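S.K.: Just dropping this structure here.
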Amino acid sequence: MASSCVNSEDCLENEEYAQLGDDDSDFVDLEYEKSKSLSEEYIHACHGMIFSRSEKILWNTFKLRGCVLMQMRFDGVLGFPGGLVEKGEDPLIGLNREMEEEIGLEVNKHGFTDADHMHTVLNKRKRLVLHFFTKEVSEEEFLVLEKNHLKAEEYGIEVMGIIRVPLFTMSDGLRGLPAFLSNQFIGNARNQLLAGLKHTQLLKREEIEKALESSNKHLAQSPRKL
Ligand SMILES: O=c1[nH]cnc2c1ncn2[C@@H]1O[C@H](COP(=O)(O)OP(=O)(O)O)[C@@H](O)[C@H]1O
């Protein structure tokens, strides 16, 4: 938001894109290259999933599988780092700019490339094109990225903090990934996470489906009360 939101009118317009309530039916798949030639009435946004793999076993019980980086946004909703692409800006350049601003990514070392592109969808209702990228780093590099985010320009403003996604499920069938999935996500970030886990083979399709089922069951059974 920082670079595209320079006056209150722009900020209000950006805020509208972020309104919750998107439904799966609002999104259709789009080819990355074709999406770049859409007319100017379409707004583009890019987000990225940085991850590392791990062989570690937590408390001698749970396979860690890896570390996946997401963030708690300023609005209390979970999402991936990234943001709106400026008019005339290449999506990849926009993504790397936002990565630097939001999590302090050193783009000369760990910058995203077109090879990291995973999928693109169009939110028909909002005329918003959402590009999603995944990037693998080593466990050591992941730790450095985590520390660097505290020094990022947007830390404490747009980004309340970065978090790791738990990829295991505990014996009650809920805590771990299913409970994490029961949080509120921005845009299609929840689907992006699930698709990213499958694409990178951090989890198997059956494991993702099981976690999702458990999360949905939990959400249906637990209306919130004061
Ligand atoms: O992690 C994400 N995955 C998918 N869509 C997202 C994610 N974060 C934000 N969005 C969508 O992209 C739009 C741009 O949001 P974002 O807050 O990242 O951009 P900005 O920082 O440039 O304002 C939002 O309005 C929202 O609909």
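Going by the structure tokens order, chains are called A, B, ..., each with residues numbered from 1, while ligands are numbered from 1 in the order shown.
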Based on the backbone DSSP call, show me all residues of chain A assigned strand (DSSP E or B), as a count of residues only.
M.R.: 58
S.K.: Please determine, counting only C-alpha atoms, which residue among A:Asp90, A:Glu102, A:Asp172, A:Asp114 has the shortest atom-to-atom distance to Leu145 of chain A.
M.R.: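 Closest residue, counting only C-alpha atoms: A:Glu102.
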S.K.: Near segment 174-182 of chain A, counting only C-alpha atoms, which residues have an atom at most 9 Å away, once you skip same-chain residues fewer than 4 positions from it, shown as a PyMOL selection string?
M.R.: chain A and resi 165-170+190+208+210-216+218-219
S.K.: Quick one: write out the picked residues with N, CA and C atoms as a compact mmCIF listing (two decimals), in the first residue's frame?
M.R.:
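part.txt, freshly written:
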# COMPACT_ATOMS: atom_id res chain seq x y z
N VAL A 165 3.64 -21.13 9.10
CA VAL A 165 2.41 -21.92 9.04
C VAL A 165 2.70 -23.31 9.62
N PRO A 166 1.94 -23.76 10.65
CA PRO A 166 2.17 -25.13 11.12
C PRO A 166 1.69 -26.12 10.07
N LEU A 167 2.54 -27.05 9.69
CA LEU A 167 2.16 -27.97 8.60
C LEU A 167 1.74 -29.35 9.12
N PHE A 168 1.84 -29.54 10.44
CA PHE A 168 1.45 -30.83 11.02
C PHE A 168 0.06 -30.70 11.65
N THR A 169 -0.54 -31.86 11.94
CA THR A 169 -1.83 -31.86 12.64
C THR A 169 -1.65 -32.67 13.92
N MET A 170 -2.15 -32.14 15.04
CA MET A 170 -1.95 -32.82 16.33
C MET A 170 -3.03 -33.88 16.55
N ARG A 190 -6.04 -18.07 1.36
CA ARG A 190 -6.20 -19.42 1.93
C ARG A 190 -6.05 -20.46 0.81
N ILE A 208 -3.77 -32.37 2.74
CA ILE A 208 -4.37 -31.04 2.65
C ILE A 208 -5.89 -31.16 2.77
N LYS A 210 -7.62 -33.44 4.22
CA LYS A 210 -8.00 -33.83 5.59
C LYS A 210 -7.97 -32.60 6.52
N ALA A 211 -6.92 -31.80 6.39
CA ALA A 211 -6.79 -30.61 7.24
C ALA A 211 -7.93 -29.63 6.95
N LEU A 212 -8.26 -29.50 5.69
CA LEU A 212 -9.31 -28.59 5.28
C LEU A 212 -10.67 -29.04 5.82
N GLU A 213 -10.89 -30.34 5.73
CA GLU A 213 -12.16 -30.90 6.21
C GLU A 213 -12.30 -30.65 7.71
N SER A 214 -11.24 -30.88 8.44
CA SER A 214 -11.26 -30.69 9.89
C SER A 214 -11.47 -29.21 10.23
N SER A 215 -10.82 -28.34 9.49
CA SER A 215 -10.97 -26.90 9.72
C SER A 215 -12.41 -26.45 9.44
N ASN A 216 -12.98 -26.92 8.35
CA ASN A 216 -14.35 -26.54 8.00
C ASN A 216 -15.35 -27.04 9.04
N HIS A 218 -14.70 -27.60 12.18
CA HIS A 218 -14.51 -26.77 13.39
C HIS A 218 -15.22 -25.43 13.24
N LEU A 219 -15.08 -24.80 12.07
CA LEU A 219 -15.69 -23.49 11.85
C LEU A 219 -17.21 -23.59 11.93
S.K.: State, in Å with one decimal place, the distance from atom CA of Val137 of chain A to atom CA of Pro81 of chain A.
M.R.: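 Atom CA of Val137 of chain A sits 15.6 Å away from atom CA of Pro81 of chain A.
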S.K.: Quick check, in Å to one decimal: how far apart do atom CA of Val77 of chain A and atom CA of Ile186 of chain A lie?
M.R.: 6.0 Å
S.K.: With only C-alpha atoms and all ligand atoms as the atoms that count, which of A:Leu194, A:Val85, A:Leu105, A:Cys67 lies nearest to ligand 1?
M.R.: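 When distances to ligand 1 are compared using only C-alpha atoms and all ligand atoms, the smallest one comes from A:Val85.
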S.K.: For Asp22 of chain A, please output as an MDAnalysis selection string all residues within 12 Å (counting only C-alpha atoms; exclusion window: fewer than 5 positions along the same chain).
M.R.: chainID A and resid 16:17 27 122:126 128 184:191
S.K.: Give me a file of those residues, with C-alpha atoms, as a PDB file, in the first residue's frame.
M.R.:
ATOM      1  CA  GLU A  16     -11.969  -1.247  -1.351  1.00  0.00           C
ATOM      2  CA  TYR A  17      -9.952  -3.992  -3.050  1.00  0.00           C
ATOM      3  CA  PHE A  27     -12.171 -16.120  -9.238  1.00  0.00           C
ATOM      4  CA  LEU A 122      -8.893 -12.868 -11.969  1.00  0.00           C
ATOM      5  CA  ASN A 123     -11.360 -11.585  -9.389  1.00  0.00           C
ATOM      6  CA  LYS A 124     -14.165 -10.714 -11.829  1.00  0.00           C
ATOM      7  CA  ARG A 125     -16.160  -8.679  -9.300  1.00  0.00           C
ATOM      8  CA  LYS A 126     -13.218  -6.440  -8.362  1.00  0.00           C
ATOM      9  CA  LEU A 128      -8.385  -7.515  -9.735  1.00  0.00           C
ATOM     10  CA  GLN A 184      -9.505 -15.168   8.460  1.00  0.00           C
ATOM     11  CA  PHE A 185      -7.518 -14.785   5.202  1.00  0.00           C
ATOM     12  CA  ILE A 186      -7.388 -11.888   2.736  1.00  0.00           C
ATOM     13  CA  GLY A 187      -8.395 -12.292  -0.933  1.00  0.00           C
ATOM     14  CA  ASN A 188      -7.756 -15.873  -2.045  1.00  0.00           C
ATOM     15  CA  ALA A 189      -4.748 -16.300   0.279  1.00  0.00           C
ATOM     16  CA  ARG A 190      -6.201 -19.417   1.930  1.00  0.00           C
ATOM     17  CA  ASN A 191      -6.564 -21.130  -1.447  1.00  0.00           C
TER      18      ASN A 191
END
S.K.: Among segment 37-168 of chain A, which residues does DSSP mark as alpha helix (DSSP H) when it is run on the backbone? Keep the chain and numbering as in the structure and answer as a list of chain:residue names.
M.R.: A:Pro91, A:Leu92, A:Ile93, A:Gly94, A:Leu95, A:Asn96, A:Arg97, A:Glu98, A:Met99, A:Glu100, A:Glu101, A:Glu102, A:Ile103, A:Val107, A:Asn108, A:Lys109, A:His110, A:Glu139, A:Glu140, A:Glu141, A:Phe142, A:Leu143, A:Val144, A:Leu145, A:Glu146, A:Lys147, A:Asn148
S.K.: What would the file look like if the residues just selected were written as a compact mmCIF listing (two decimals), in the first residue's frame with N, CA and C atoms?
M.R.:
# COMPACT_ATOMS: atom_id res chain seq x y z
N PRO A 91 4.58 -6.90 -13.24
CA PRO A 91 4.16 -7.56 -12.00
C PRO A 91 5.34 -8.04 -11.13
N LEU A 92 6.36 -8.60 -11.77
CA LEU A 92 7.49 -9.13 -11.02
C LEU A 92 8.26 -8.02 -10.29
N ILE A 93 8.40 -6.88 -10.97
CA ILE A 93 9.11 -5.76 -10.34
C ILE A 93 8.29 -5.25 -9.15
N GLY A 94 6.95 -5.21 -9.36
CA GLY A 94 6.05 -4.80 -8.28
C GLY A 94 6.15 -5.75 -7.10
N LEU A 95 6.23 -7.03 -7.39
CA LEU A 95 6.31 -8.04 -6.32
C LEU A 95 7.59 -7.84 -5.51
N ASN A 96 8.71 -7.70 -6.21
CA ASN A 96 9.99 -7.55 -5.49
C ASN A 96 10.05 -6.23 -4.71
N ARG A 97 9.44 -5.18 -5.27
CA ARG A 97 9.39 -3.90 -4.54
C ARG A 97 8.62 -4.07 -3.23
N GLU A 98 7.44 -4.72 -3.33
CA GLU A 98 6.61 -4.92 -2.13
C GLU A 98 7.30 -5.83 -1.13
N MET A 99 8.03 -6.85 -1.63
CA MET A 99 8.73 -7.79 -0.75
C MET A 99 9.80 -7.04 0.07
N GLU A 100 10.46 -6.11 -0.60
CA GLU A 100 11.49 -5.33 0.08
C GLU A 100 10.85 -4.43 1.14
N GLU A 101 9.75 -3.76 0.76
CA GLU A 101 9.10 -2.83 1.69
C GLU A 101 8.48 -3.56 2.88
N GLU A 102 7.85 -4.71 2.60
CA GLU A 102 7.07 -5.36 3.65
C GLU A 102 7.88 -6.28 4.55
N ILE A 103 8.83 -7.03 3.96
CA ILE A 103 9.58 -7.97 4.83
C ILE A 103 11.09 -7.77 4.74
N VAL A 107 16.40 -8.23 -2.50
CA VAL A 107 15.98 -8.73 -3.80
C VAL A 107 17.14 -9.12 -4.71
N ASN A 108 18.32 -8.53 -4.47
CA ASN A 108 19.46 -8.95 -5.31
C ASN A 108 19.90 -10.38 -4.98
N LYS A 109 19.61 -10.83 -3.73
CA LYS A 109 19.98 -12.20 -3.33
C LYS A 109 18.81 -13.16 -3.49
N HIS A 110 17.63 -12.74 -3.04
CA HIS A 110 16.49 -13.66 -2.97
C HIS A 110 15.30 -13.20 -3.79
N GLU A 139 17.00 -23.59 4.82
CA GLU A 139 16.55 -23.33 6.20
C GLU A 139 17.32 -22.16 6.81
N GLU A 140 18.63 -22.11 6.52
CA GLU A 140 19.47 -21.03 7.07
C GLU A 140 19.01 -19.69 6.53
N GLU A 141 18.73 -19.65 5.21
CA GLU A 141 18.30 -18.39 4.59
C GLU A 141 16.94 -17.96 5.15
N PHE A 142 16.08 -18.95 5.41
CA PHE A 142 14.75 -18.64 5.94
C PHE A 142 14.88 -17.91 7.29
N LEU A 143 15.80 -18.41 8.13
CA LEU A 143 16.01 -17.79 9.45
C LEU A 143 16.48 -16.34 9.32
N VAL A 144 17.35 -16.11 8.33
CA VAL A 144 17.86 -14.75 8.11
C VAL A 144 16.71 -13.84 7.64
N LEU A 145 15.88 -14.35 6.72
CA LEU A 145 14.75 -13.55 6.21
C LEU A 145 13.81 -13.17 7.35
N GLU A 146 13.57 -14.14 8.23
CA GLU A 146 12.67 -13.86 9.37
C GLU A 146 13.22 -12.71 10.21
N LYS A 147 14.52 -12.76 10.49
CA LYS A 147 15.11 -11.71 11.34
C LYS A 147 15.05 -10.36 10.64
N ASN A 148 15.31 -10.37 9.31
CA ASN A 148 15.37 -9.11 8.56
C ASN A 148 14.03 -8.38 8.52
S.K.: Pick from A:Arg127, A:His47, A:Lys225, A:His149: nearest to ligand 1, with only C-alpha atoms and all ligand atoms counted?
M.R.: A:His47
S.K.: Point out the residue among A:Lys63, A:Lys34, A:His131, A:His119 with the least atom-to-atom distance to ligand 1, counting only C-alpha atoms and all ligand atoms.
M.R.: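 Selected residue with least distance to ligand 1: A:His131.
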S.K.: Which residues, written as a list of chain:residue names, have at least one atom at most 10 Å from Leu197 of chain A, with only C-alpha atoms counted and residues fewer than 5 positions away on the same chain left out?
M.R.: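 Neighbouring residues, sequence-local ones excluded: A:Met49, A:Phe51, A:Val68, A:Thr134, A:Leu167, A:Asn191, A:Gln192, A:Leu202, A:Leu203, A:Lys204, A:Arg205, A:Ile208.
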S.K.: Work out how far atom CA of Leu150 of chain A is from atom CA of Gly104 of chain A, in Å to one decimal.
M.R.: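 Those two atoms sit 7.9 Å apart.
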S.K.: Just checking: using only C-alpha atoms and all ligand atoms, which residue out of A:Leu226, A:Ile162, A:Leu193, A:Leu38 ends up closest to ligand 1?
M.R.: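 That would be A:Leu193, the residue with the smallest distance to ligand 1.
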S.K.: Tell me which of A:Leu58, A:Ala152, A:Met160, A:Ile43 sits closest to ligand 1, counting only C-alpha atoms and all ligand atoms.
M.R.: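 Of all the options, A:Ile43 lies closest to ligand 1.
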